[in-house]
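Undergrad: I'd like to ask some things about the structure below.
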Amino acid sequence: MDNQLKSNGKGVSWRHSVWIFFKAQISAQFASFVDFLVTILLVKAFAVFYLYATFTGSVVGGIVNCAINYGWVFHAEDCKKTHVAVKYLFVWGGSIILNTWGTFALTEWLTGMTWVNGLLGYYIDNVFILSKIIVAVLVAFFWNYHLQRFFVYRNHNLFGKRNFEKTEKIRFIEKTEKDEYEL
């Protein structure tokens, strides 16, 4: 059965999809680390209101994520950087809004419950950190990954023209990665 899947190409595409997802998660985790670091430093070291700190952390983390995804995760060399930037700004804007307001709404809701605030206050200095973690995970899986994979880093040319030389280069790189992964 396994040999049939490999000969049909279905096993390779499934493995490749898992590998792309794994690399995207590594990129997202690193960008989230930068995001959280900036956010927590702004709140703790500089006494910035958590809402503004969350926004700033999301901006810095988004820049890091876009750079890593462009070259390492999705190999978008066949896409114009300006097109990727415009599409990424759209997705990223939605992500920032969802992260910022989701964190705000969840934090305000949780702090409004005296028993939750009392319980979490013993373990977490600020409830907003827990809210930010929950919201960031939800936004990452249900918004960022899918839109980046199928919209941002794809070459959607409206006029049907393609740069075949770059496309062949990308196919060679992906095949090389698949061969390395199978070893």
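Each chain in the structure tokens gets a letter, A, B and so on, in the order shown; residues start at 1 in every chain, and ligands are counted from 1 in the order they appear.
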Could the residues of segment 14-81 of chain A that have an atom at most 12 Å from segment 97-101 of chain A be listed as a tab-separated table, each with its closest atom pair and the distance in Å to one decimal, counting only C-alpha atoms and ordered by chain and ascending residue number?
TA:
residue	atom	partner	partner_atom	distance
A:Ser32	CA	A:Asn99	CA	11.5
A:Asp35	CA	A:Asn99	CA	11.1
A:Phe36	CA	A:Asn99	CA	11.8
A:Thr39	CA	A:Thr100	CA	11.2
A:Tyr50	CA	A:Thr100	CA	9.4
A:Leu51	CA	A:Thr100	CA	6.6
A:Tyr52	CA	A:Thr100	CA	8.4
A:Ala53	CA	A:Thr100	CA	9.2
A:Thr54	CA	A:Thr100	CA	6.0
A:Phe55	CA	A:Thr100	CA	5.9
A:Thr56	CA	A:Thr100	CA	9.6
A:Gly57	CA	A:Thr100	CA	9.8
A:Ser58	CA	A:Asn99	CA	7.7
A:Val59	CA	A:Thr100	CA	10.6
A:Gly61	CA	A:Asn99	CA	11.8
A:Gly62	CA	A:Asn99	CA	11.5
Undergrad: Pick out the closest residue to Val34 of chain A from this set: A:Gln148, A:Ser131, A:Asn65, A:Thr114. Count only C-alpha atoms.
TA: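 With only C-alpha atoms as the atom set, the closest residue is A:Asn65.
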Undergrad: As a ChimeraX atom specification, please: the residues near Leu130 of chain A (cut-off 10 Å, only C-alpha atoms, same-chain neighbours under 2 positions excluded).
TA: /A:103,106-107,110,120,124-128,132-136
Undergrad: Quick one: write out the picked residues with C-alpha atoms as a short mmCIF file (atom, residue, chain, number, x, y, z; two decimals), in the first residue's frame?
TA:
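Here's the written file again12.cif:
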data_model
loop_
_atom_site.label_atom_id
_atom_site.label_comp_id
_atom_site.auth_asym_id
_atom_site.auth_seq_id
_atom_site.Cartn_x
_atom_site.Cartn_y
_atom_site.Cartn_z
CA THR A 103 -6.61 39.66 23.72
CA LEU A 106 -10.69 37.89 26.60
CA THR A 107 -8.65 39.80 29.21
CA LEU A 110 -11.60 37.11 32.47
CA LEU A 120 -5.15 33.19 38.00
CA ILE A 124 0.03 34.54 36.56
CA ASP A 125 1.01 38.10 37.37
CA ASN A 126 -1.16 39.53 34.61
CA VAL A 127 -4.16 37.76 33.13
CA PHE A 128 -3.47 39.35 29.73
CA LYS A 132 -2.64 36.58 24.58
CA ILE A 133 -1.48 32.94 24.44
CA ILE A 134 -4.99 31.59 23.84
CA VAL A 135 -5.83 34.16 21.19
CA ALA A 136 -2.44 33.83 19.45
#
Undergrad: Looking only at alpha helix (DSSP H) from DSSP on the backbone, list the matching residues of segment 30-97 of chain A as a PyMOL selection string.
TA: chain A and resi 30-46+50-68+81-97
Undergrad: Give me a file of those residues, with N, CA and C atoms, as a short mmCIF file (atom, residue, chain, number, x, y, z; two decimals), in the first residue's frame.
TA:
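Result file follows (part-v2.cif):
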data_model
loop_
_atom_site.label_atom_id
_atom_site.label_comp_id
_atom_site.auth_asym_id
_atom_site.auth_seq_id
_atom_site.Cartn_x
_atom_site.Cartn_y
_atom_site.Cartn_z
N PHE A 30 8.83 31.12 16.34
CA PHE A 30 9.91 32.08 16.52
C PHE A 30 9.37 33.51 16.48
N ALA A 31 8.49 33.79 15.52
CA ALA A 31 7.90 35.12 15.43
C ALA A 31 7.05 35.41 16.67
N SER A 32 6.36 34.41 17.18
CA SER A 32 5.57 34.59 18.41
C SER A 32 6.47 34.86 19.61
N PHE A 33 7.62 34.19 19.65
CA PHE A 33 8.57 34.45 20.72
C PHE A 33 9.00 35.92 20.69
N VAL A 34 9.32 36.43 19.51
CA VAL A 34 9.71 37.83 19.36
C VAL A 34 8.54 38.73 19.76
N ASP A 35 7.34 38.40 19.30
CA ASP A 35 6.12 39.15 19.63
C ASP A 35 5.93 39.21 21.14
N PHE A 36 5.97 38.07 21.80
CA PHE A 36 5.76 38.02 23.25
C PHE A 36 6.87 38.74 24.00
N LEU A 37 8.10 38.60 23.53
CA LEU A 37 9.22 39.27 24.18
C LEU A 37 9.04 40.79 24.14
N VAL A 38 8.71 41.30 22.97
CA VAL A 38 8.49 42.74 22.83
C VAL A 38 7.31 43.18 23.70
N THR A 39 6.21 42.43 23.64
CA THR A 39 5.01 42.79 24.41
C THR A 39 5.29 42.82 25.91
N ILE A 40 5.89 41.77 26.41
CA ILE A 40 6.12 41.68 27.86
C ILE A 40 7.16 42.70 28.31
N LEU A 41 8.20 42.93 27.50
CA LEU A 41 9.18 43.97 27.85
C LEU A 41 8.54 45.35 27.90
N LEU A 42 7.68 45.65 26.93
CA LEU A 42 7.02 46.95 26.93
C LEU A 42 6.14 47.13 28.16
N VAL A 43 5.40 46.07 28.54
CA VAL A 43 4.51 46.16 29.70
C VAL A 43 5.31 46.23 30.99
N LYS A 44 6.24 45.31 31.16
CA LYS A 44 6.96 45.18 32.43
C LYS A 44 8.06 46.22 32.61
N ALA A 45 8.85 46.46 31.57
CA ALA A 45 10.00 47.35 31.71
C ALA A 45 9.67 48.82 31.46
N PHE A 46 8.69 49.06 30.59
CA PHE A 46 8.40 50.44 30.20
C PHE A 46 6.99 50.90 30.58
N TYR A 50 -1.11 47.34 28.13
CA TYR A 50 -1.00 46.04 27.46
C TYR A 50 -1.61 46.03 26.07
N LEU A 51 -2.62 46.83 25.81
CA LEU A 51 -3.24 46.88 24.49
C LEU A 51 -2.25 47.42 23.46
N TYR A 52 -1.54 48.51 23.79
CA TYR A 52 -0.56 49.08 22.87
C TYR A 52 0.66 48.16 22.72
N ALA A 53 1.04 47.53 23.82
CA ALA A 53 2.17 46.60 23.78
C ALA A 53 1.84 45.38 22.91
N THR A 54 0.60 44.89 22.99
CA THR A 54 0.18 43.76 22.16
C THR A 54 0.24 44.13 20.68
N PHE A 55 -0.22 45.33 20.35
CA PHE A 55 -0.18 45.80 18.97
C PHE A 55 1.26 45.89 18.47
N THR A 56 2.14 46.50 19.25
CA THR A 56 3.54 46.66 18.86
C THR A 56 4.23 45.31 18.71
N GLY A 57 4.00 44.41 19.65
CA GLY A 57 4.58 43.07 19.56
C GLY A 57 4.11 42.34 18.31
N SER A 58 2.84 42.50 17.96
CA SER A 58 2.30 41.87 16.76
C SER A 58 2.95 42.42 15.50
N VAL A 59 3.22 43.70 15.46
CA VAL A 59 3.88 44.31 14.30
C VAL A 59 5.29 43.75 14.13
N VAL A 60 6.06 43.72 15.21
CA VAL A 60 7.43 43.22 15.14
C VAL A 60 7.44 41.72 14.79
N GLY A 61 6.59 40.95 15.42
CA GLY A 61 6.50 39.53 15.13
C GLY A 61 6.07 39.26 13.70
N GLY A 62 5.18 40.07 13.18
CA GLY A 62 4.73 39.90 11.79
C GLY A 62 5.83 40.13 10.78
N ILE A 63 6.66 41.12 11.03
CA ILE A 63 7.79 41.38 10.12
C ILE A 63 8.75 40.19 10.12
N VAL A 64 9.04 39.67 11.29
CA VAL A 64 9.92 38.50 11.40
C VAL A 64 9.31 37.31 10.67
N ASN A 65 8.01 37.07 10.88
CA ASN A 65 7.33 35.93 10.25
C ASN A 65 7.31 36.03 8.73
N CYS A 66 7.05 37.21 8.21
CA CYS A 66 7.00 37.39 6.75
C CYS A 66 8.36 37.09 6.12
N ALA A 67 9.42 37.58 6.73
CA ALA A 67 10.76 37.37 6.18
C ALA A 67 11.12 35.89 6.17
N ILE A 68 10.84 35.19 7.26
CA ILE A 68 11.17 33.76 7.32
C ILE A 68 10.31 32.95 6.35
N LYS A 81 8.02 40.51 -4.73
CA LYS A 81 8.03 40.92 -3.33
C LYS A 81 6.95 41.94 -3.02
N THR A 82 6.69 42.83 -3.96
CA THR A 82 5.64 43.83 -3.72
C THR A 82 4.27 43.17 -3.62
N HIS A 83 4.01 42.15 -4.44
CA HIS A 83 2.73 41.44 -4.37
C HIS A 83 2.59 40.70 -3.05
N VAL A 84 3.69 40.03 -2.64
CA VAL A 84 3.67 39.34 -1.35
C VAL A 84 3.45 40.34 -0.22
N ALA A 85 4.13 41.48 -0.29
CA ALA A 85 4.00 42.48 0.76
C ALA A 85 2.57 43.00 0.88
N VAL A 86 1.94 43.28 -0.25
CA VAL A 86 0.56 43.78 -0.21
C VAL A 86 -0.39 42.73 0.35
N LYS A 87 -0.25 41.50 -0.13
CA LYS A 87 -1.12 40.43 0.37
C LYS A 87 -0.84 40.13 1.84
N TYR A 88 0.44 40.16 2.21
CA TYR A 88 0.79 39.91 3.61
C TYR A 88 0.23 41.00 4.51
N LEU A 89 0.28 42.25 4.05
CA LEU A 89 -0.29 43.35 4.83
C LEU A 89 -1.78 43.14 5.09
N PHE A 90 -2.48 42.64 4.10
CA PHE A 90 -3.91 42.36 4.28
C PHE A 90 -4.13 41.29 5.34
N VAL A 91 -3.43 40.17 5.20
CA VAL A 91 -3.58 39.06 6.16
C VAL A 91 -3.06 39.48 7.53
N TRP A 92 -1.93 40.15 7.54
CA TRP A 92 -1.30 40.59 8.77
C TRP A 92 -2.17 41.61 9.51
N GLY A 93 -2.80 42.51 8.74
CA GLY A 93 -3.72 43.47 9.35
C GLY A 93 -4.86 42.77 10.06
N GLY A 94 -5.42 41.76 9.40
CA GLY A 94 -6.48 40.97 10.04
C GLY A 94 -5.97 40.25 11.28
N SER A 95 -4.75 39.74 11.19
CA SER A 95 -4.15 39.04 12.33
C SER A 95 -3.92 39.99 13.50
N ILE A 96 -3.42 41.18 13.22
CA ILE A 96 -3.18 42.15 14.28
C ILE A 96 -4.50 42.56 14.94
N ILE A 97 -5.52 42.78 14.13
CA ILE A 97 -6.82 43.14 14.70
C ILE A 97 -7.37 42.00 15.55
#
Undergrad: As an exercise, work out the distance from atom CA of Arg15 of chain A to atom CA of Lys80 of chain A in Å and give it to one decimal place.
TA: 27.3 Å
Undergrad: For the atom pair atom CA of Gln29 of chain A and atom CA of Glu108 of chain A, what is the interatomic distance in Å to one decimal place?
TA: 25.5 Å
